[in-house]
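Below is one structure, written out as structure tokens; comments come after it.
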Amino acid sequence: MASSSFILTLSGPDRPGIVHAVTAFLVQHNLNIVDSSQFGDLTSKRFFMRVQFVAAVETEAMPELEKLCAAFEPTAKSFSMEFEIHPTTQKPRVMIMVSKIGHCLNDLLFRQSTGQLNIEVPLIISNHPDFAALAATYNIPFIHLPVTADTKAQQEARILELVQEYKIDLIVLARYMQVLSPKLCEAMSGRIINIHHSFLPSFKGAKPYHQAYDRGVKIIGATAHFVTSDLDEGPIIEQNVVRVNHGMSPKELTHAGSNVESNVLASAVKYVTERRVLLNGHKTVVFN
């Protein structure tokens, strides 16, 4: 069923009749809803919807994507809605960036190779050479792009060239320990996910687990968010925590946190690439 289905996502000003209009459009084109989620934000007065649909008759061919988008355009305009339609067979192409801490990279590659993440990983970029061998075990090109304060602009220009060359849909920062420039953030707005090794907004910056240890916390966590030019302030996609206690050292806290980071980042990548995340100002709507 999923092999011949599409996902429609939309958002716009909340008003009566949107769901009726969407379902009427699908009925008119002999399409059947497989899954549907919607949310009306009482604060922002905006409406969000995600619908997965298939041909109502199994033997009937699905409409072409371009024709489907063109046909839905009048409905979207009548409600001032922004929308996207994607075939579920189209795997998003994800560039992973990493530095010298590899648990998130390793986890994502394993999940992708076993089909837990429906994505393609055309290449891995790092400012250090440490994980070239790991990339090779998955037959994924590994590009070492060292960076200094003096070469940052050139390095990021090369990253954007690779985004175009490899037709990248999404960048995932899997513990890539460099602050991206506003230029790169703007060029890939809404298409960069970062894993922050703490439960934002607490314990920002370097060595968050040491900060947590010094404060005697009882839970630690991780936050996956979209990257913006405001450091660690982008819309949050997913968070989780794990309980800890006074007997755990900073190293033990780091190990516990690593597991949470991997799970949170993998969940965020899954939600985004399955078109389950819609931006709502500085927040997100996640149909998970």
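Order determines the names: the first chain of the structure tokens is A, the second B, and so forth; residues in each chain are numbered 1 upward, and ligands are numbered 1 upward as they are shown.
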Restrict the calculation to only C-alpha atoms, then for each residue of stretch 52-152 of chain A with any atom at most 6 Å from an atom of stretch 167-186 of chain A give the closest atom pair and their distance in Å to one decimal, rows by chain and rising residue number, as a Markdown table.
| residue | atom | partner | partner_atom | distance |
| --- | --- | --- | --- | --- |
| A:Pro92 | CA | A:Asp169 | CA | 5.9 |
| A:Arg93 | CA | A:Ile168 | CA | 5.1 |
| A:Val94 | CA | A:Leu170 | CA | 4.8 |
| A:Met95 | CA | A:Ile171 | CA | 4.8 |
| A:Ile96 | CA | A:Val172 | CA | 4.8 |
| A:Met97 | CA | A:Leu173 | CA | 4.9 |
| A:Val98 | CA | A:Tyr176 | CA | 4.1 |
| A:Ser99 | CA | A:Tyr176 | CA | 4.7 |
| A:Cys104 | CA | A:Ala174 | CA | 5.4 |
| A:Leu105 | CA | A:Ala174 | CA | 5.6 |
TODO: Check stretch 124-168 of chain A with DSSP on the backbone and list each residue it calls helix (DSSP H, G or I), as a PyMOL selection string.
DONE: chain A and resi 132-137+152-165
Open item on the list: I'd like the contact shell of A:Leu109 - 12 Å cut-off, only C-alpha atoms, skipping same-chain residues fewer than 2 positions apart - returned as a PyMOL selection string.
Closed with: chain A and resi 94-96+102-107+111-124+131+134-140+172+174+262+266+269
How would the residues just chosen look if you wrote them out with N, CA, C and O atoms as a short mmCIF file (atom, residue, chain, number, x, y, z; two decimals), in the first residue's frame?
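Okay, part00.cif is ready:
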data_model
loop_
_atom_site.label_atom_id
_atom_site.label_comp_id
_atom_site.auth_asym_id
_atom_site.auth_seq_id
_atom_site.Cartn_x
_atom_site.Cartn_y
_atom_site.Cartn_z
N VAL A 94 19.80 12.31 2.72
CA VAL A 94 20.27 12.91 3.97
C VAL A 94 21.79 12.94 4.01
O VAL A 94 22.45 11.90 3.87
N MET A 95 22.34 14.12 4.18
CA MET A 95 23.77 14.29 4.43
C MET A 95 24.01 14.31 5.94
O MET A 95 23.38 15.09 6.66
N ILE A 96 24.89 13.44 6.41
CA ILE A 96 25.22 13.41 7.84
C ILE A 96 26.57 14.09 8.05
O ILE A 96 27.53 13.81 7.33
N GLY A 102 31.08 9.60 17.71
CA GLY A 102 30.42 8.91 16.62
C GLY A 102 29.20 8.07 16.95
O GLY A 102 28.68 7.39 16.06
N HIS A 103 28.69 8.10 18.19
CA HIS A 103 27.59 7.19 18.51
C HIS A 103 26.32 7.50 17.71
O HIS A 103 25.62 6.58 17.29
N CYS A 104 26.03 8.78 17.48
CA CYS A 104 24.83 9.12 16.71
C CYS A 104 24.99 8.74 15.24
O CYS A 104 24.05 8.23 14.62
N LEU A 105 26.16 8.98 14.69
CA LEU A 105 26.44 8.57 13.30
C LEU A 105 26.27 7.06 13.15
O LEU A 105 25.58 6.59 12.23
N ASN A 106 26.88 6.30 14.03
CA ASN A 106 26.82 4.85 13.96
C ASN A 106 25.37 4.36 14.06
O ASN A 106 24.95 3.47 13.32
N ASP A 107 24.61 4.97 14.95
CA ASP A 107 23.22 4.57 15.14
C ASP A 107 22.39 4.86 13.89
O ASP A 107 21.60 4.02 13.45
N ARG A 111 20.47 2.09 11.52
CA ARG A 111 19.02 2.14 11.32
C ARG A 111 18.68 2.28 9.83
O ARG A 111 17.70 1.69 9.36
N GLN A 112 19.47 3.05 9.11
CA GLN A 112 19.22 3.19 7.67
C GLN A 112 19.47 1.87 6.94
O GLN A 112 18.70 1.46 6.07
N SER A 113 20.54 1.18 7.31
CA SER A 113 20.91 -0.06 6.62
C SER A 113 19.91 -1.18 6.88
O SER A 113 19.77 -2.09 6.07
N THR A 114 19.21 -1.12 8.02
CA THR A 114 18.25 -2.16 8.36
C THR A 114 16.81 -1.76 8.04
O THR A 114 15.87 -2.48 8.37
N GLY A 115 16.63 -0.61 7.40
CA GLY A 115 15.31 -0.19 6.98
C GLY A 115 14.47 0.49 8.05
O GLY A 115 13.29 0.78 7.83
N GLN A 116 15.06 0.78 9.21
CA GLN A 116 14.31 1.47 10.25
C GLN A 116 14.11 2.94 9.91
O GLN A 116 13.16 3.57 10.39
N LEU A 117 15.01 3.49 9.11
CA LEU A 117 14.87 4.84 8.59
C LEU A 117 14.76 4.76 7.08
O LEU A 117 15.65 4.21 6.41
N ASN A 118 13.71 5.29 6.52
CA ASN A 118 13.46 5.21 5.08
C ASN A 118 14.14 6.39 4.38
O ASN A 118 13.49 7.29 3.85
N ILE A 119 15.48 6.38 4.42
CA ILE A 119 16.27 7.48 3.86
C ILE A 119 17.42 6.92 3.05
O ILE A 119 17.78 5.75 3.16
N GLU A 120 18.00 7.79 2.23
CA GLU A 120 19.28 7.51 1.57
C GLU A 120 20.34 8.41 2.20
O GLU A 120 20.06 9.57 2.52
N VAL A 121 21.54 7.87 2.37
CA VAL A 121 22.67 8.65 2.89
C VAL A 121 23.75 8.65 1.81
O VAL A 121 24.58 7.75 1.75
N PRO A 122 23.75 9.66 0.94
CA PRO A 122 24.71 9.67 -0.18
C PRO A 122 26.13 10.00 0.25
O PRO A 122 27.07 9.64 -0.46
N LEU A 123 26.30 10.71 1.38
CA LEU A 123 27.65 11.04 1.82
C LEU A 123 27.65 11.48 3.27
O LEU A 123 26.63 11.87 3.84
N ILE A 124 28.86 11.39 3.85
CA ILE A 124 29.12 11.84 5.22
C ILE A 124 30.22 12.88 5.16
O ILE A 124 31.23 12.69 4.47
N PHE A 131 36.11 8.93 11.22
CA PHE A 131 35.09 7.95 10.90
C PHE A 131 35.05 7.56 9.43
O PHE A 131 34.03 7.05 8.94
N LEU A 134 34.43 3.79 9.29
CA LEU A 134 33.04 3.44 9.55
C LEU A 134 32.18 3.69 8.32
O LEU A 134 31.35 2.86 7.94
N ALA A 135 32.38 4.82 7.66
CA ALA A 135 31.63 5.12 6.45
C ALA A 135 31.89 4.07 5.37
O ALA A 135 30.98 3.67 4.65
N ALA A 136 33.14 3.63 5.29
CA ALA A 136 33.51 2.64 4.27
C ALA A 136 32.78 1.32 4.48
O ALA A 136 32.44 0.63 3.51
N THR A 137 32.52 0.94 5.74
CA THR A 137 31.81 -0.32 5.99
C THR A 137 30.38 -0.28 5.46
O THR A 137 29.78 -1.33 5.20
N TYR A 138 29.84 0.92 5.29
CA TYR A 138 28.49 1.08 4.73
C TYR A 138 28.53 1.52 3.26
O TYR A 138 27.50 1.84 2.68
N ASN A 139 29.75 1.56 2.68
CA ASN A 139 29.93 1.97 1.28
C ASN A 139 29.37 3.35 1.00
O ASN A 139 28.75 3.61 -0.04
N ILE A 140 29.59 4.26 1.95
CA ILE A 140 29.12 5.64 1.82
C ILE A 140 30.34 6.56 1.68
O ILE A 140 31.27 6.47 2.50
N VAL A 172 21.85 16.38 8.64
CA VAL A 172 21.74 15.97 10.03
C VAL A 172 23.10 16.15 10.71
O VAL A 172 24.09 15.56 10.27
N ALA A 174 25.15 15.09 13.41
CA ALA A 174 25.24 13.99 14.36
C ALA A 174 26.46 14.21 15.26
O ALA A 174 27.48 13.56 15.12
N SER A 262 21.19 9.31 20.79
CA SER A 262 21.00 8.50 19.58
C SER A 262 19.53 8.27 19.30
O SER A 262 19.07 8.39 18.15
N ALA A 266 17.46 9.87 16.10
CA ALA A 266 16.85 8.94 15.16
C ALA A 266 15.35 9.20 15.03
O ALA A 266 14.79 9.17 13.92
N VAL A 269 14.83 12.40 12.95
CA VAL A 269 15.06 12.14 11.52
C VAL A 269 13.88 11.38 10.93
O VAL A 269 13.42 11.69 9.82
#
- [ ] Just the residues within 6 Å of A:Ile193, please, counting only C-alpha atoms, with nothing from its chain fewer than 2 positions along; format it as a ChimeraX atom specification.
- [x] /A:172,225-227
- [ ] Give me the residues within 12 Å of A:Ser78 as a list in words, counting only C-alpha atoms and dropping any in the same chain fewer than 2 places off.
- [x]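 Using only C-alpha atoms, the neighbours found are Gly12, Pro13, Arg15, Gly17, Ile18, Ala21, Val22, Phe72, Glu73, Pro74, Thr75, Ala76, Ser80, Met81 and Glu82 of chain A.
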Could the residues in this selection be saved with all heavy atoms as an mmCIF file, in the first residue's frame?
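After the write, out-v2.cif holds the following:
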data_model
loop_
_atom_site.group_PDB
_atom_site.id
_atom_site.type_symbol
_atom_site.label_atom_id
_atom_site.label_comp_id
_atom_site.auth_asym_id
_atom_site.auth_seq_id
_atom_site.Cartn_x
_atom_site.Cartn_y
_atom_site.Cartn_z
ATOM 1 N N GLY A 12 -2.068 26.629 7.299
ATOM 2 C CA GLY A 12 -2.603 27.931 6.925
ATOM 3 C C GLY A 12 -3.521 28.447 8.004
ATOM 4 O O GLY A 12 -3.672 27.818 9.067
ATOM 5 N N PRO A 13 -4.152 29.592 7.780
ATOM 6 C CA PRO A 13 -5.078 30.149 8.769
ATOM 7 C C PRO A 13 -6.212 29.169 9.066
ATOM 8 O O PRO A 13 -6.778 28.570 8.153
ATOM 9 C CB PRO A 13 -5.609 31.412 8.083
ATOM 10 C CG PRO A 13 -4.591 31.736 7.027
ATOM 11 C CD PRO A 13 -4.027 30.437 6.578
ATOM 12 N N ARG A 15 -9.765 27.875 9.792
ATOM 13 C CA ARG A 15 -11.132 28.303 9.494
ATOM 14 C C ARG A 15 -11.972 27.079 9.172
ATOM 15 O O ARG A 15 -11.420 26.015 8.830
ATOM 16 C CB ARG A 15 -11.173 29.293 8.328
ATOM 17 C CG ARG A 15 -10.475 28.812 7.082
ATOM 18 C CD ARG A 15 -10.525 29.789 5.941
ATOM 19 N NE ARG A 15 -11.816 29.731 5.247
ATOM 20 C CZ ARG A 15 -12.000 30.235 4.023
ATOM 21 N NH1 ARG A 15 -10.999 30.837 3.396
ATOM 22 N NH2 ARG A 15 -13.180 30.152 3.447
ATOM 23 N N GLY A 17 -14.133 24.266 7.376
ATOM 24 C CA GLY A 17 -14.260 23.736 6.021
ATOM 25 C C GLY A 17 -13.004 23.164 5.410
ATOM 26 O O GLY A 17 -13.056 22.594 4.313
ATOM 27 N N ILE A 18 -11.851 23.292 6.078
ATOM 28 C CA ILE A 18 -10.602 22.820 5.472
ATOM 29 C C ILE A 18 -10.613 21.303 5.306
ATOM 30 O O ILE A 18 -10.315 20.771 4.229
ATOM 31 C CB ILE A 18 -9.377 23.263 6.292
ATOM 32 C CG1 ILE A 18 -9.283 24.791 6.332
ATOM 33 C CG2 ILE A 18 -8.098 22.668 5.702
ATOM 34 C CD1 ILE A 18 -8.166 25.317 7.222
ATOM 35 N N ALA A 21 -12.919 20.251 2.606
ATOM 36 C CA ALA A 21 -12.398 20.544 1.269
ATOM 37 C C ALA A 21 -11.334 19.543 0.849
ATOM 38 O O ALA A 21 -11.294 19.096 -0.309
ATOM 39 C CB ALA A 21 -11.835 21.963 1.235
ATOM 40 N N VAL A 22 -10.454 19.168 1.776
ATOM 41 C CA VAL A 22 -9.393 18.211 1.472
ATOM 42 C C VAL A 22 -9.985 16.845 1.151
ATOM 43 O O VAL A 22 -9.621 16.209 0.153
ATOM 44 C CB VAL A 22 -8.398 18.110 2.641
ATOM 45 C CG1 VAL A 22 -7.414 16.957 2.415
ATOM 46 C CG2 VAL A 22 -7.630 19.418 2.813
ATOM 47 N N PHE A 72 -4.652 20.325 -6.902
ATOM 48 C CA PHE A 72 -4.967 20.734 -5.525
ATOM 49 C C PHE A 72 -4.739 22.228 -5.307
ATOM 50 O O PHE A 72 -5.228 22.795 -4.328
ATOM 51 C CB PHE A 72 -4.123 19.930 -4.527
ATOM 52 C CG PHE A 72 -4.515 20.146 -3.091
ATOM 53 C CD1 PHE A 72 -5.713 19.652 -2.599
ATOM 54 C CD2 PHE A 72 -3.682 20.849 -2.229
ATOM 55 C CE1 PHE A 72 -6.086 19.847 -1.269
ATOM 56 C CE2 PHE A 72 -4.041 21.054 -0.903
ATOM 57 C CZ PHE A 72 -5.252 20.551 -0.421
ATOM 58 N N GLU A 73 -4.003 22.854 -6.189
ATOM 59 C CA GLU A 73 -3.641 24.262 -6.021
ATOM 60 C C GLU A 73 -4.850 25.168 -5.779
ATOM 61 O O GLU A 73 -4.823 26.009 -4.866
ATOM 62 C CB GLU A 73 -2.846 24.737 -7.243
ATOM 63 C CG GLU A 73 -2.292 26.151 -7.128
ATOM 64 C CD GLU A 73 -1.117 26.240 -6.169
ATOM 65 O OE1 GLU A 73 -0.335 25.277 -6.099
ATOM 66 O OE2 GLU A 73 -1.000 27.282 -5.490
ATOM 67 N N PRO A 74 -5.938 25.068 -6.554
ATOM 68 C CA PRO A 74 -7.086 25.944 -6.294
ATOM 69 C C PRO A 74 -7.687 25.770 -4.901
ATOM 70 O O PRO A 74 -8.094 26.747 -4.268
ATOM 71 C CB PRO A 74 -8.088 25.529 -7.383
ATOM 72 C CG PRO A 74 -7.244 24.938 -8.466
ATOM 73 C CD PRO A 74 -6.136 24.243 -7.763
ATOM 74 N N THR A 75 -7.735 24.530 -4.425
ATOM 75 C CA THR A 75 -8.245 24.281 -3.070
ATOM 76 C C THR A 75 -7.355 24.948 -2.032
ATOM 77 O O THR A 75 -7.835 25.593 -1.091
ATOM 78 C CB THR A 75 -8.325 22.771 -2.791
ATOM 79 O OG1 THR A 75 -9.176 22.155 -3.748
ATOM 80 C CG2 THR A 75 -8.844 22.495 -1.394
ATOM 81 N N ALA A 76 -6.034 24.803 -2.204
ATOM 82 C CA ALA A 76 -5.088 25.412 -1.261
ATOM 83 C C ALA A 76 -5.222 26.927 -1.266
ATOM 84 O O ALA A 76 -5.250 27.575 -0.203
ATOM 85 C CB ALA A 76 -3.666 25.001 -1.616
ATOM 86 N N SER A 80 -5.928 29.864 1.596
ATOM 87 C CA SER A 80 -4.621 30.497 1.875
ATOM 88 C C SER A 80 -3.661 29.511 2.531
ATOM 89 O O SER A 80 -2.926 29.856 3.467
ATOM 90 C CB SER A 80 -4.810 31.728 2.769
ATOM 91 O OG SER A 80 -5.671 32.672 2.163
ATOM 92 N N MET A 81 -3.636 28.291 2.032
ATOM 93 C CA MET A 81 -2.819 27.240 2.623
ATOM 94 C C MET A 81 -1.526 27.016 1.837
ATOM 95 O O MET A 81 -1.522 27.088 0.610
ATOM 96 C CB MET A 81 -3.594 25.917 2.677
ATOM 97 C CG MET A 81 -4.784 25.925 3.597
ATOM 98 S SD MET A 81 -5.558 24.295 3.732
ATOM 99 C CE MET A 81 -6.109 24.009 2.045
ATOM 100 N N GLU A 82 -0.471 26.726 2.558
ATOM 101 C CA GLU A 82 0.762 26.209 1.967
ATOM 102 C C GLU A 82 0.698 24.688 2.022
ATOM 103 O O GLU A 82 0.253 24.121 3.028
ATOM 104 C CB GLU A 82 1.980 26.719 2.736
ATOM 105 C CG GLU A 82 2.129 28.230 2.734
ATOM 106 C CD GLU A 82 3.289 28.690 3.612
ATOM 107 O OE1 GLU A 82 3.905 27.820 4.267
ATOM 108 O OE2 GLU A 82 3.547 29.898 3.638
#
- [ ] May I have the residues within 12 Å of A:Gln28 as a PyMOL selection string, using only C-alpha atoms and disregarding those fewer than 2 positions away in the same chain?
- [x] chain A and resi 20-26+30-32+55-56+68+71-72
Emit the selected residues as a PDB file, in the first residue's frame, including N, CA, C and O atoms.
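Contents of the output file again-v2.pdb:
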ATOM      1  N   HIS A  20     -13.109  19.287   5.235  1.00  0.00           N
ATOM      2  CA  HIS A  20     -14.127  18.936   4.244  1.00  0.00           C
ATOM      3  C   HIS A  20     -13.605  19.141   2.824  1.00  0.00           C
ATOM      4  O   HIS A  20     -13.817  18.302   1.927  1.00  0.00           O
ATOM      5  N   ALA A  21     -12.919  20.251   2.606  1.00  0.00           N
ATOM      6  CA  ALA A  21     -12.398  20.544   1.269  1.00  0.00           C
ATOM      7  C   ALA A  21     -11.334  19.543   0.849  1.00  0.00           C
ATOM      8  O   ALA A  21     -11.294  19.096  -0.309  1.00  0.00           O
ATOM      9  N   VAL A  22     -10.454  19.168   1.776  1.00  0.00           N
ATOM     10  CA  VAL A  22      -9.393  18.211   1.472  1.00  0.00           C
ATOM     11  C   VAL A  22      -9.985  16.845   1.151  1.00  0.00           C
ATOM     12  O   VAL A  22      -9.621  16.209   0.153  1.00  0.00           O
ATOM     13  N   THR A  23     -10.895  16.383   1.998  1.00  0.00           N
ATOM     14  CA  THR A  23     -11.486  15.069   1.758  1.00  0.00           C
ATOM     15  C   THR A  23     -12.333  15.068   0.483  1.00  0.00           C
ATOM     16  O   THR A  23     -12.343  14.072  -0.255  1.00  0.00           O
ATOM     17  N   ALA A  24     -12.998  16.174   0.209  1.00  0.00           N
ATOM     18  CA  ALA A  24     -13.779  16.250  -1.022  1.00  0.00           C
ATOM     19  C   ALA A  24     -12.877  16.165  -2.241  1.00  0.00           C
ATOM     20  O   ALA A  24     -13.219  15.520  -3.249  1.00  0.00           O
ATOM     21  N   PHE A  25     -11.720  16.808  -2.180  1.00  0.00           N
ATOM     22  CA  PHE A  25     -10.762  16.734  -3.285  1.00  0.00           C
ATOM     23  C   PHE A  25     -10.316  15.293  -3.512  1.00  0.00           C
ATOM     24  O   PHE A  25     -10.253  14.818  -4.665  1.00  0.00           O
ATOM     25  N   LEU A  26     -10.020  14.588  -2.419  1.00  0.00           N
ATOM     26  CA  LEU A  26      -9.559  13.201  -2.553  1.00  0.00           C
ATOM     27  C   LEU A  26     -10.659  12.317  -3.131  1.00  0.00           C
ATOM     28  O   LEU A  26     -10.396  11.466  -3.995  1.00  0.00           O
ATOM     29  N   ASN A  30     -10.882  10.059  -6.723  1.00  0.00           N
ATOM     30  CA  ASN A  30     -10.932   8.617  -6.466  1.00  0.00           C
ATOM     31  C   ASN A  30      -9.726   8.147  -5.645  1.00  0.00           C
ATOM     32  O   ASN A  30      -9.088   7.139  -5.953  1.00  0.00           O
ATOM     33  N   LEU A  31      -9.430   8.916  -4.603  1.00  0.00           N
ATOM     34  CA  LEU A  31      -8.308   8.608  -3.719  1.00  0.00           C
ATOM     35  C   LEU A  31      -8.834   8.294  -2.321  1.00  0.00           C
ATOM     36  O   LEU A  31      -9.819   8.887  -1.865  1.00  0.00           O
ATOM     37  N   ASN A  32      -8.169   7.377  -1.650  1.00  0.00           N
ATOM     38  CA  ASN A  32      -8.642   6.890  -0.352  1.00  0.00           C
ATOM     39  C   ASN A  32      -7.643   7.225   0.752  1.00  0.00           C
ATOM     40  O   ASN A  32      -6.431   7.017   0.596  1.00  0.00           O
ATOM     41  N   ALA A  55      -4.778   5.179  -4.183  1.00  0.00           N
ATOM     42  CA  ALA A  55      -5.886   5.029  -5.119  1.00  0.00           C
ATOM     43  C   ALA A  55      -6.992   4.208  -4.459  1.00  0.00           C
ATOM     44  O   ALA A  55      -6.716   3.227  -3.756  1.00  0.00           O
ATOM     45  N   ALA A  56      -8.237   4.628  -4.641  1.00  0.00           N
ATOM     46  CA  ALA A  56      -9.352   3.939  -3.996  1.00  0.00           C
ATOM     47  C   ALA A  56      -9.501   2.502  -4.488  1.00  0.00           C
ATOM     48  O   ALA A  56      -9.969   1.630  -3.756  1.00  0.00           O
ATOM     49  N   LEU A  68      -1.243  16.130  -9.757  1.00  0.00           N
ATOM     50  CA  LEU A  68      -1.922  16.132  -8.466  1.00  0.00           C
ATOM     51  C   LEU A  68      -1.733  17.471  -7.758  1.00  0.00           C
ATOM     52  O   LEU A  68      -2.683  18.045  -7.211  1.00  0.00           O
ATOM     53  N   ALA A  71      -3.744  20.121  -9.507  1.00  0.00           N
ATOM     54  CA  ALA A  71      -5.176  19.975  -9.259  1.00  0.00           C
ATOM     55  C   ALA A  71      -5.563  20.473  -7.871  1.00  0.00           C
ATOM     56  O   ALA A  71      -6.667  21.002  -7.679  1.00  0.00           O
ATOM     57  N   PHE A  72      -4.652  20.325  -6.902  1.00  0.00           N
ATOM     58  CA  PHE A  72      -4.967  20.734  -5.525  1.00  0.00           C
ATOM     59  C   PHE A  72      -4.739  22.228  -5.307  1.00  0.00           C
ATOM     60  O   PHE A  72      -5.228  22.795  -4.328  1.00  0.00           O
TER      61      PHE A  72
END
Open item on the list: So, with only C-alpha atoms as the atoms that count, which of A:Ala206, A:Val272, A:Leu162, A:Leu108 lies closest to A:Ile143?
Closed with: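 Answer, going by the shortest atom-to-atom distance: A:Leu162.
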- [ ] Check stretch 73-275 of chain A with DSSP on the backbone and list each residue it calls strand (DSSP E or B), as a PyMOL selection string.
- [x] chain A and resi 82-87+93-98+120-126+142-144+170-173+192-196+219-226+236-243
How would the residues just picked look written out with C-alpha atoms as an mmCIF file, in the first residue's frame?
data_model
loop_
_atom_site.group_PDB
_atom_site.id
_atom_site.type_symbol
_atom_site.label_atom_id
_atom_site.label_comp_id
_atom_site.auth_asym_id
_atom_site.auth_seq_id
_atom_site.Cartn_x
_atom_site.Cartn_y
_atom_site.Cartn_z
ATOM 1 C CA GLU A 82 0.762 26.209 1.967
ATOM 2 C CA PHE A 83 1.029 22.566 0.948
ATOM 3 C CA GLU A 84 3.367 19.845 -0.252
ATOM 4 C CA ILE A 85 2.668 16.433 -1.758
ATOM 5 C CA HIS A 86 5.326 13.712 -1.736
ATOM 6 C CA PRO A 87 5.268 10.083 -2.889
ATOM 7 C CA ARG A 93 18.509 12.175 0.691
ATOM 8 C CA VAL A 94 20.271 12.907 3.970
ATOM 9 C CA MET A 95 23.773 14.292 4.426
ATOM 10 C CA ILE A 96 25.220 13.412 7.836
ATOM 11 C CA MET A 97 27.856 15.648 9.411
ATOM 12 C CA VAL A 98 29.979 14.542 12.369
ATOM 13 C CA GLU A 120 19.275 7.512 1.570
ATOM 14 C CA VAL A 121 22.667 8.647 2.886
ATOM 15 C CA PRO A 122 24.707 9.675 -0.175
ATOM 16 C CA LEU A 123 27.653 11.036 1.817
ATOM 17 C CA ILE A 124 29.117 11.840 5.220
ATOM 18 C CA ILE A 125 31.052 15.039 5.933
ATOM 19 C CA SER A 126 33.404 15.569 8.844
ATOM 20 C CA PHE A 142 33.271 10.147 3.384
ATOM 21 C CA ILE A 143 34.502 13.678 2.735
ATOM 22 C CA HIS A 144 36.984 15.227 5.145
ATOM 23 C CA LEU A 170 18.217 17.234 4.718
ATOM 24 C CA ILE A 171 21.419 17.776 6.711
ATOM 25 C CA VAL A 172 21.737 15.969 10.033
ATOM 26 C CA LEU A 173 24.338 17.190 12.511
ATOM 27 C CA ILE A 192 19.115 21.054 9.129
ATOM 28 C CA ILE A 193 18.569 18.949 12.270
ATOM 29 C CA ASN A 194 20.920 19.088 15.250
ATOM 30 C CA ILE A 195 21.158 16.897 18.335
ATOM 31 C CA HIS A 196 21.916 18.922 21.438
ATOM 32 C CA ILE A 219 17.397 13.490 35.018
ATOM 33 C CA ILE A 220 19.458 14.190 31.922
ATOM 34 C CA GLY A 221 18.245 14.351 28.385
ATOM 35 C CA ALA A 222 18.757 15.339 24.770
ATOM 36 C CA THR A 223 17.022 17.655 22.324
ATOM 37 C CA ALA A 224 16.747 17.410 18.537
ATOM 38 C CA HIS A 225 15.900 20.711 16.879
ATOM 39 C CA PHE A 226 16.032 22.553 13.606
ATOM 40 C CA ILE A 236 12.340 21.637 18.889
ATOM 41 C CA ILE A 237 11.409 18.370 17.163
ATOM 42 C CA GLU A 238 11.962 15.707 19.831
ATOM 43 C CA GLN A 239 13.216 15.382 23.415
ATOM 44 C CA ASN A 240 13.710 12.608 25.950
ATOM 45 C CA VAL A 241 15.269 12.046 29.357
ATOM 46 C CA VAL A 242 16.789 9.305 31.503
ATOM 47 C CA ARG A 243 16.947 9.139 35.286
#
TODO: Rank nothing, just name the residue among A:Ala149, A:Val57, A:Ile101, A:Met248 nearest to A:His128, using only C-alpha atoms.
DONE: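 Nearest candidate to A:His128 out of A:Ala149, A:Val57, A:Ile101, A:Met248: A:Ile101.
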